[in-house]
Amino acid sequence: MGSSTVQSSAATSRVAALRQYGQSVWLDFIRRTLISGGELKRLVDEDSLGGVTSNPAIFEKAIEGSDDYRDAIEEISRDPSLAAKTVFEKLAVKDIQDAADVLRPVYDRTQARDGYVSLEVAPDLANDTRGTLEEARRLWKDVNRPNLMIKVPATPEGLPAVRTLLTEGINVNITLLFARQAYEDVAHAYVEALSARAASNQPVDRIASVASFFVSRIDSAVDAALEEKMKTATGQDKARMLRLLGKVAIANAKVAYQSYKRIFSGPAWEALAKKGAQTQRVLWASTGTKNPSYRDTLYVEELIGADTVNTVPPETLNAFRDHGKLRPTLEEDVTGAMDVLDDLAKSGISLDKVTADLLTDGLKKFVEPFTKLLKAVERRCRAANTARINAQSYSLPSMLASDLARKLKDWDSQGGTRRLWAGDASLWTGADEASWIGWIGVVERQIEDLSQLKAFQEEVKQGGFAHILLLGMGGSSLCPEVWKETFGRVPGAAELFVLDSTDPAQVKSFEQKIDVAKTLLVVSSKSGSTLEPNIFKAFFFDKVKARIADKAGSRFVAVTDPGSNLEKEARVDGFRRIFPGVKTIGGRYSALSNFGMAPAAAMGLDVGRLLDEAERMVQACAPGVPAAENPGLVLGTILGLAHNHKTDKLTLVASPGLHDLGAWLEQLLAESTGKEGKGIIPVDRERLGPPSVYGEDRLFAYLRLEDKPDAAQDAAVDALEKAGKPVVRIRVATTYDLAEEFVRWEIATAIA
């Protein structure tokens, strides 16, 4: 989950205004502090929030990356006979009950139409009808709230369970719907269940259900298939495919909505409606925009219609409140939507196959986080909850320590990092800073669309490349260089080199290191117009073309912002892939965007693990986490207060295994804080001297690699701390935890 809070507004928000069009907005996020901190109630009051959905991935990150559940886990796990799943269910049931209580006034006011909280059955029961029924009944009883929905996946085995549960009077959220036919099967099952209840003289007026129809994942899959076909397509075929990019998911949803209107009309349905039955609303799911080329509110703006729900991640909710466009779009140009689907078939892509594959992949995406979740609970039970904040400690002079304690209390009273996550520009100068915080949500987007990075990784491996040469400057090359210097060459993968100097001798040396015919060249430029990467590209493109003529483009990949000149040139030259940047992420904050993650994938790193580690730090730093327990907030406050105490130089001390991280931190800190001529001065790779050689203007940050510490560094830092120098210690468990450091320091720098 990338951004884990949402900005509130005193005025009627655009989100609340969606109710004028008959649409309810639910939040696709839950964690204990969202409820206990009062934020969920604010969203209900100020944004007319109509519901909440949960999933194992959200719970796992909150449990693993924060202290939210520490006391509860310690209390529950005193009974050693309890399995991890039982411990989790107890945690989840409490959260769901509390959230349902906050939403109960909505449920009552709308006469059971809205105000629901969803809790899903274990994902490993997706193909087990009996197991699904047993667990759903047990969860319904344990939660004991009328505004609960049990979430069940729309598998062939799940459908009969859904029908039975609804017949028994249990509200159901049917999830993982991608295909129109699958949706229609679910809608008919709902009608059949209500008809069965009516036939046995049971009430139908308080039975509720939603059909969760997934959206953005369809565009991700279809766009990838179209991009592959466009490599060899020409003329009208290629033009048609270009027009289809980013259009299929919306078209598929619009056509499915027409099925909804047809099924919930006519004499049979009207007979049920007279008994008080409510329609099973279509719930648009997976509505966070994955592709940075598309508007961040696309899957809200284009699906506004009556009797629907849109469940959105916090980042999308914030974006829509800020700049969403309001109009009833769901039934605009339905004929055009059908034409889009026809054109997709003409392009040789089967939507039926795409949706079938997405269901399979979706089930996998449900099972894997659940497995991680249970492991996280087990670790917490065994280790008495050693949270991420405990990996960061500090020793400060008394005056600075006193100011820190006071400031952290202030942060709590001001909502912690809520204003940062919500893009409140008044945190800084009130200028355009809020337009540059896309990095906050990038981890969540990358995890959601991880298949693209993994497919690229496999493609590089199968391509038989010996080397990868990244061509970039500054922010586009610093993170890949950290990967290279930290991990070296990954066994069985191509070796990464990074060229970020126009020195002719340097360029020549890299040319000599590689065989251009067996090298994948990654041209990395955010703007696409930076002189140096363009020169590099022209130089090496000529070299490759001389060796393999018309296939030169197949040896190149571009990472650049959508619409840039580099993107246009890459399409003309037939580049193997084009990875989009995010326009709201500045270069120095781009480590976990495609600028850092595409090279990581190419060189064979476990990108899923890197992003999981990053997401844990995102959760540890989320709003609602008490300020003193928020690693990024604490570090940033120390940096800012130290600067105010004339301690404006930060010496970065990193274990040898992390030695290159300082180069990335240098740019992040100096360029971000030095705009007004009064920034933090980072000092990297300085051999530590005795305490006597340092004045009062130094703060020391020690990033210690726990599995490969350096005894001499330990002794030098100990001496500094004993002498009263301000020292921050950060324990980095393994090299893969570097991803956590990117998040920690980005947040800290923004706070500072």
# chains A, B, ... in the order shown; residues from 1 in each chain; ligands from 1

call {"tool": "select_by_dssp", "arguments": {"residues": "range 320-416 of chain A", "states": "strand (DSSP E)", "output": "PyMOL selection string"}}
result
chain A and resi 392-395

call {"tool": "residues_around", "arguments": {"residues": "range 430-446 of chain A", "least_positions_apart": "4", "cutoff": "8 Å", "atoms": "only C-alpha atoms", "output": "count of residues only"}}
result
25

call {"tool": "residues_around", "arguments": {"residues": "Lys353 in chain A", "least_positions_apart": "2", "cutoff": "12 Å", "atoms": "only C-alpha atoms", "output": "number ranges by chain"}}
result
A: 178-179, 218, 221-222, 225, 345, 348-351, 355-360

call {"tool": "write_last_selection", "arguments": {"atoms": "N, CA, C and O atoms", "output": "PDB file, in the first residue's frame"}}
result
ATOM      1  N   PHE A 178     -13.571 -10.300 -13.815  1.00  0.00           N
ATOM      2  CA  PHE A 178     -12.902  -9.627 -14.925  1.00  0.00           C
ATOM      3  C   PHE A 178     -13.726  -9.691 -16.210  1.00  0.00           C
ATOM      4  O   PHE A 178     -13.674  -8.783 -17.027  1.00  0.00           O
ATOM      5  N   ALA A 179     -14.461 -10.785 -16.393  1.00  0.00           N
ATOM      6  CA  ALA A 179     -15.183 -11.019 -17.648  1.00  0.00           C
ATOM      7  C   ALA A 179     -16.669 -10.719 -17.491  1.00  0.00           C
ATOM      8  O   ALA A 179     -17.258 -10.940 -16.424  1.00  0.00           O
ATOM      9  N   ILE A 218      -6.973  -5.075 -16.209  1.00  0.00           N
ATOM     10  CA  ILE A 218      -7.255  -5.448 -17.598  1.00  0.00           C
ATOM     11  C   ILE A 218      -6.420  -4.600 -18.546  1.00  0.00           C
ATOM     12  O   ILE A 218      -5.806  -5.110 -19.489  1.00  0.00           O
ATOM     13  N   ALA A 221      -2.772  -5.775 -18.571  1.00  0.00           N
ATOM     14  CA  ALA A 221      -2.544  -7.000 -19.341  1.00  0.00           C
ATOM     15  C   ALA A 221      -2.718  -6.766 -20.838  1.00  0.00           C
ATOM     16  O   ALA A 221      -1.891  -7.205 -21.653  1.00  0.00           O
ATOM     17  N   VAL A 222      -3.784  -6.072 -21.200  1.00  0.00           N
ATOM     18  CA  VAL A 222      -4.064  -5.837 -22.626  1.00  0.00           C
ATOM     19  C   VAL A 222      -2.995  -4.930 -23.235  1.00  0.00           C
ATOM     20  O   VAL A 222      -2.505  -5.177 -24.347  1.00  0.00           O
ATOM     21  N   ALA A 225       0.071  -6.830 -24.074  1.00  0.00           N
ATOM     22  CA  ALA A 225      -0.110  -7.637 -25.289  1.00  0.00           C
ATOM     23  C   ALA A 225      -0.084  -6.768 -26.537  1.00  0.00           C
ATOM     24  O   ALA A 225       0.494  -7.142 -27.572  1.00  0.00           O
ATOM     25  N   ALA A 345     -10.461  -7.688 -30.692  1.00  0.00           N
ATOM     26  CA  ALA A 345     -10.514  -9.009 -31.335  1.00  0.00           C
ATOM     27  C   ALA A 345      -9.861  -8.968 -32.715  1.00  0.00           C
ATOM     28  O   ALA A 345      -9.128  -9.886 -33.105  1.00  0.00           O
ATOM     29  N   GLY A 348      -6.227  -9.455 -32.803  1.00  0.00           N
ATOM     30  CA  GLY A 348      -5.706 -10.782 -32.483  1.00  0.00           C
ATOM     31  C   GLY A 348      -5.529 -11.045 -31.002  1.00  0.00           C
ATOM     32  O   GLY A 348      -4.777 -11.948 -30.611  1.00  0.00           O
ATOM     33  N   ILE A 349      -6.226 -10.281 -30.157  1.00  0.00           N
ATOM     34  CA  ILE A 349      -6.120 -10.481 -28.713  1.00  0.00           C
ATOM     35  C   ILE A 349      -7.477 -10.924 -28.188  1.00  0.00           C
ATOM     36  O   ILE A 349      -8.492 -10.252 -28.390  1.00  0.00           O
ATOM     37  N   SER A 350      -7.504 -12.062 -27.521  1.00  0.00           N
ATOM     38  CA  SER A 350      -8.742 -12.613 -26.975  1.00  0.00           C
ATOM     39  C   SER A 350      -8.969 -12.060 -25.575  1.00  0.00           C
ATOM     40  O   SER A 350      -8.200 -12.348 -24.655  1.00  0.00           O
ATOM     41  N   LEU A 351     -10.032 -11.292 -25.418  1.00  0.00           N
ATOM     42  CA  LEU A 351     -10.346 -10.761 -24.097  1.00  0.00           C
ATOM     43  C   LEU A 351     -10.728 -11.885 -23.144  1.00  0.00           C
ATOM     44  O   LEU A 351     -10.434 -11.812 -21.938  1.00  0.00           O
ATOM     45  N   THR A 355      -8.960 -12.287 -19.533  1.00  0.00           N
ATOM     46  CA  THR A 355      -9.688 -12.287 -18.259  1.00  0.00           C
ATOM     47  C   THR A 355      -9.518 -13.604 -17.513  1.00  0.00           C
ATOM     48  O   THR A 355      -9.446 -13.617 -16.279  1.00  0.00           O
ATOM     49  N   ALA A 356      -9.429 -14.720 -18.249  1.00  0.00           N
ATOM     50  CA  ALA A 356      -9.192 -16.012 -17.592  1.00  0.00           C
ATOM     51  C   ALA A 356      -7.820 -16.026 -16.927  1.00  0.00           C
ATOM     52  O   ALA A 356      -7.656 -16.501 -15.791  1.00  0.00           O
ATOM     53  N   ASP A 357      -6.817 -15.500 -17.640  1.00  0.00           N
ATOM     54  CA  ASP A 357      -5.467 -15.437 -17.065  1.00  0.00           C
ATOM     55  C   ASP A 357      -5.431 -14.506 -15.855  1.00  0.00           C
ATOM     56  O   ASP A 357      -4.725 -14.776 -14.869  1.00  0.00           O
ATOM     57  N   LEU A 358      -6.190 -13.422 -15.922  1.00  0.00           N
ATOM     58  CA  LEU A 358      -6.214 -12.481 -14.810  1.00  0.00           C
ATOM     59  C   LEU A 358      -6.854 -13.092 -13.570  1.00  0.00           C
ATOM     60  O   LEU A 358      -6.430 -12.809 -12.443  1.00  0.00           O
ATOM     61  N   LEU A 359      -7.874 -13.926 -13.765  1.00  0.00           N
ATOM     62  CA  LEU A 359      -8.480 -14.605 -12.618  1.00  0.00           C
ATOM     63  C   LEU A 359      -7.463 -15.531 -11.963  1.00  0.00           C
ATOM     64  O   LEU A 359      -7.316 -15.539 -10.733  1.00  0.00           O
ATOM     65  N   THR A 360      -6.746 -16.290 -12.782  1.00  0.00           N
ATOM     66  CA  THR A 360      -5.712 -17.185 -12.238  1.00  0.00           C
ATOM     67  C   THR A 360      -4.646 -16.394 -11.493  1.00  0.00           C
ATOM     68  O   THR A 360      -4.252 -16.745 -10.372  1.00  0.00           O
TER      69      THR A 360
END

call {"tool": "residues_around", "arguments": {"residues": "range 700-712 of chain A", "least_positions_apart": "2", "cutoff": "6 Å", "atoms": "only C-alpha atoms", "output": "list in words"}}
result
Leu650, Thr651, Leu652, Val653, Ala654, Ser655, Asp714, Ala715, Val727, Val728, Arg729, Ile730, Arg731, Val732 and Ala733 of chain A

call {"tool": "write_last_selection", "arguments": {"atoms": "all heavy atoms", "output": "JSON list (two decimals), in the first residue's frame"}}
result
[["chain", "number", "residue", "atom", "x", "y", "z"],
["A", 650, "LEU", "N", 25.77, 16.55, 7.80],
["A", 650, "LEU", "CA", 25.39, 15.17, 8.12],
["A", 650, "LEU", "C", 26.45, 14.22, 7.56],
["A", 650, "LEU", "O", 26.58, 14.08, 6.34],
["A", 650, "LEU", "CB", 24.02, 14.83, 7.53],
["A", 650, "LEU", "CG", 23.56, 13.38, 7.71],
["A", 650, "LEU", "CD1", 23.32, 13.05, 9.17],
["A", 650, "LEU", "CD2", 22.30, 13.12, 6.88],
["A", 651, "THR", "N", 27.20, 13.59, 8.46],
["A", 651, "THR", "CA", 28.19, 12.61, 8.02],
["A", 651, "THR", "C", 27.50, 11.26, 7.88],
["A", 651, "THR", "O", 26.91, 10.74, 8.84],
["A", 651, "THR", "CB", 29.34, 12.50, 9.03],
["A", 651, "THR", "OG1", 30.05, 13.74, 9.04],
["A", 651, "THR", "CG2", 30.30, 11.39, 8.64],
["A", 652, "LEU", "N", 27.56, 10.71, 6.69],
["A", 652, "LEU", "CA", 26.94, 9.42, 6.38],
["A", 652, "LEU", "C", 27.98, 8.32, 6.55],
["A", 652, "LEU", "O", 28.99, 8.29, 5.85],
["A", 652, "LEU", "CB", 26.39, 9.42, 4.96],
["A", 652, "LEU", "CG", 25.34, 10.51, 4.68],
["A", 652, "LEU", "CD1", 25.14, 10.67, 3.17],
["A", 652, "LEU", "CD2", 24.02, 10.18, 5.36],
["A", 653, "VAL", "N", 27.72, 7.44, 7.49],
["A", 653, "VAL", "CA", 28.63, 6.32, 7.75],
["A", 653, "VAL", "C", 27.89, 5.05, 7.37],
["A", 653, "VAL", "O", 26.85, 4.73, 7.96],
["A", 653, "VAL", "CB", 29.04, 6.26, 9.23],
["A", 653, "VAL", "CG1", 30.10, 5.17, 9.44],
["A", 653, "VAL", "CG2", 29.53, 7.61, 9.72],
["A", 654, "ALA", "N", 28.37, 4.34, 6.38],
["A", 654, "ALA", "CA", 27.68, 3.13, 5.90],
["A", 654, "ALA", "C", 28.64, 1.95, 5.92],
["A", 654, "ALA", "O", 29.82, 2.09, 5.61],
["A", 654, "ALA", "CB", 27.13, 3.33, 4.49],
["A", 655, "SER", "N", 28.12, 0.78, 6.30],
["A", 655, "SER", "CA", 28.93, -0.43, 6.25],
["A", 655, "SER", "C", 29.47, -0.63, 4.84],
["A", 655, "SER", "O", 28.85, -0.20, 3.86],
["A", 655, "SER", "CB", 28.07, -1.64, 6.64],
["A", 655, "SER", "OG", 27.72, -1.60, 8.00],
["A", 714, "ASP", "N", 32.17, 0.28, 13.96],
["A", 714, "ASP", "CA", 31.45, 0.19, 15.23],
["A", 714, "ASP", "C", 32.19, 0.95, 16.32],
["A", 714, "ASP", "O", 31.60, 1.74, 17.08],
["A", 714, "ASP", "CB", 31.28, -1.27, 15.65],
["A", 714, "ASP", "CG", 30.22, -2.01, 14.84],
["A", 714, "ASP", "OD1", 29.45, -1.34, 14.12],
["A", 714, "ASP", "OD2", 30.18, -3.25, 14.93],
["A", 715, "ALA", "N", 33.50, 0.73, 16.40],
["A", 715, "ALA", "CA", 34.30, 1.37, 17.44],
["A", 715, "ALA", "C", 34.34, 2.88, 17.27],
["A", 715, "ALA", "O", 34.23, 3.64, 18.25],
["A", 715, "ALA", "CB", 35.71, 0.79, 17.42],
["A", 727, "VAL", "N", 24.23, 11.16, 17.24],
["A", 727, "VAL", "CA", 24.37, 9.98, 16.38],
["A", 727, "VAL", "C", 23.01, 9.33, 16.18],
["A", 727, "VAL", "O", 22.27, 9.10, 17.15],
["A", 727, "VAL", "CB", 25.34, 8.95, 16.99],
["A", 727, "VAL", "CG1", 25.37, 7.67, 16.14],
["A", 727, "VAL", "CG2", 26.75, 9.53, 17.12],
["A", 728, "VAL", "N", 22.69, 9.05, 14.93],
["A", 728, "VAL", "CA", 21.52, 8.24, 14.59],
["A", 728, "VAL", "C", 22.03, 6.90, 14.08],
["A", 728, "VAL", "O", 22.89, 6.86, 13.20],
["A", 728, "VAL", "CB", 20.65, 8.91, 13.51],
["A", 728, "VAL", "CG1", 19.48, 8.01, 13.12],
["A", 728, "VAL", "CG2", 20.13, 10.26, 14.00],
["A", 729, "ARG", "N", 21.51, 5.82, 14.64],
["A", 729, "ARG", "CA", 21.91, 4.46, 14.20],
["A", 729, "ARG", "C", 20.73, 3.80, 13.48],
["A", 729, "ARG", "O", 19.60, 3.79, 13.99],
["A", 729, "ARG", "CB", 22.32, 3.61, 15.40],
["A", 729, "ARG", "CG", 23.57, 4.07, 16.12],
["A", 729, "ARG", "CD", 23.80, 3.22, 17.38],
["A", 729, "ARG", "NE", 24.97, 3.63, 18.12],
["A", 729, "ARG", "CZ", 26.18, 3.09, 17.99],
["A", 729, "ARG", "NH1", 26.36, 2.11, 17.12],
["A", 729, "ARG", "NH2", 27.20, 3.50, 18.73],
["A", 730, "ILE", "N", 21.01, 3.26, 12.33],
["A", 730, "ILE", "CA", 20.00, 2.52, 11.57],
["A", 730, "ILE", "C", 20.56, 1.14, 11.27],
["A", 730, "ILE", "O", 21.59, 1.01, 10.61],
["A", 730, "ILE", "CB", 19.65, 3.25, 10.25],
["A", 730, "ILE", "CG1", 19.02, 4.61, 10.56],
["A", 730, "ILE", "CG2", 18.71, 2.41, 9.40],
["A", 730, "ILE", "CD1", 18.81, 5.49, 9.34],
["A", 731, "ARG", "N", 19.89, 0.13, 11.76],
["A", 731, "ARG", "CA", 20.34, -1.25, 11.54],
["A", 731, "ARG", "C", 19.64, -1.81, 10.31],
["A", 731, "ARG", "O", 18.40, -1.94, 10.30],
["A", 731, "ARG", "CB", 20.06, -2.09, 12.79],
["A", 731, "ARG", "CG", 20.93, -1.67, 13.97],
["A", 731, "ARG", "CD", 20.59, -2.43, 15.24],
["A", 731, "ARG", "NE", 19.35, -1.99, 15.85],
["A", 731, "ARG", "CZ", 19.24, -0.86, 16.55],
["A", 731, "ARG", "NH1", 20.29, -0.07, 16.71],
["A", 731, "ARG", "NH2", 18.08, -0.51, 17.08],
["A", 732, "VAL", "N", 20.40, -2.12, 9.29],
["A", 732, "VAL", "CA", 19.89, -2.64, 8.02],
["A", 732, "VAL", "C", 20.12, -4.16, 8.03],
["A", 732, "VAL", "O", 21.26, -4.61, 8.06],
["A", 732, "VAL", "CB", 20.60, -1.99, 6.82],
["A", 732, "VAL", "CG1", 20.00, -2.49, 5.52],
["A", 732, "VAL", "CG2", 20.51, -0.47, 6.91],
["A", 733, "ALA", "N", 19.04, -4.91, 8.05],
["A", 733, "ALA", "CA", 19.15, -6.35, 8.26],
["A", 733, "ALA", "C", 19.94, -7.04, 7.15],
["A", 733, "ALA", "O", 20.87, -7.80, 7.42],
["A", 733, "ALA", "CB", 17.76, -6.97, 8.38]]

call {"tool": "residues_around", "arguments": {"residues": "Ala600 in chain A", "least_positions_apart": "5", "cutoff": "10 Å", "atoms": "only C-alpha atoms", "output": "list in words"}}
result
Leu453, Gln457, Cys479, Pro480, Glu481, Val482, Trp483, Lys484, Phe487, Leu496, Leu592, Asn594, Phe595, Leu605, Asp606, Val607 and Leu610 of chain A

call {"tool": "residues_around", "arguments": {"residues": "range 691-693 of chain A", "least_positions_apart": "4", "cutoff": "7 Å", "atoms": "only C-alpha atoms", "output": "ChimeraX atom specification"}}
result
/A:719-720,723

call {"tool": "closest_residue", "arguments": {"among": "A:Ala112, A:Val544, A:Ile304, A:Leu49", "to": "Pro328 in chain A", "atoms": "only C-alpha atoms"}}
result
A:Ile304

call {"tool": "residues_around", "arguments": {"residues": "range 86-99 of chain A", "least_positions_apart": "6", "cutoff": "8 Å", "atoms": "only C-alpha atoms", "output": "list in words"}}
result
Ile30, Arg31, Arg32, Ile35, Leu40, Val52, Tyr69, Ala72, Ile73, Ile76, Ser77, Val117, Ser118, Leu119, Leu139, Asp142, Val143, Asn144, Arg145, Leu148, Leu374 and Val377 of chain A

call {"tool": "closest_residue", "arguments": {"among": "A:Ala716, A:Ala558, A:Ala591, A:Ala620", "to": "Arg687 in chain A", "atoms": "only C-alpha atoms"}}
result
A:Ala716
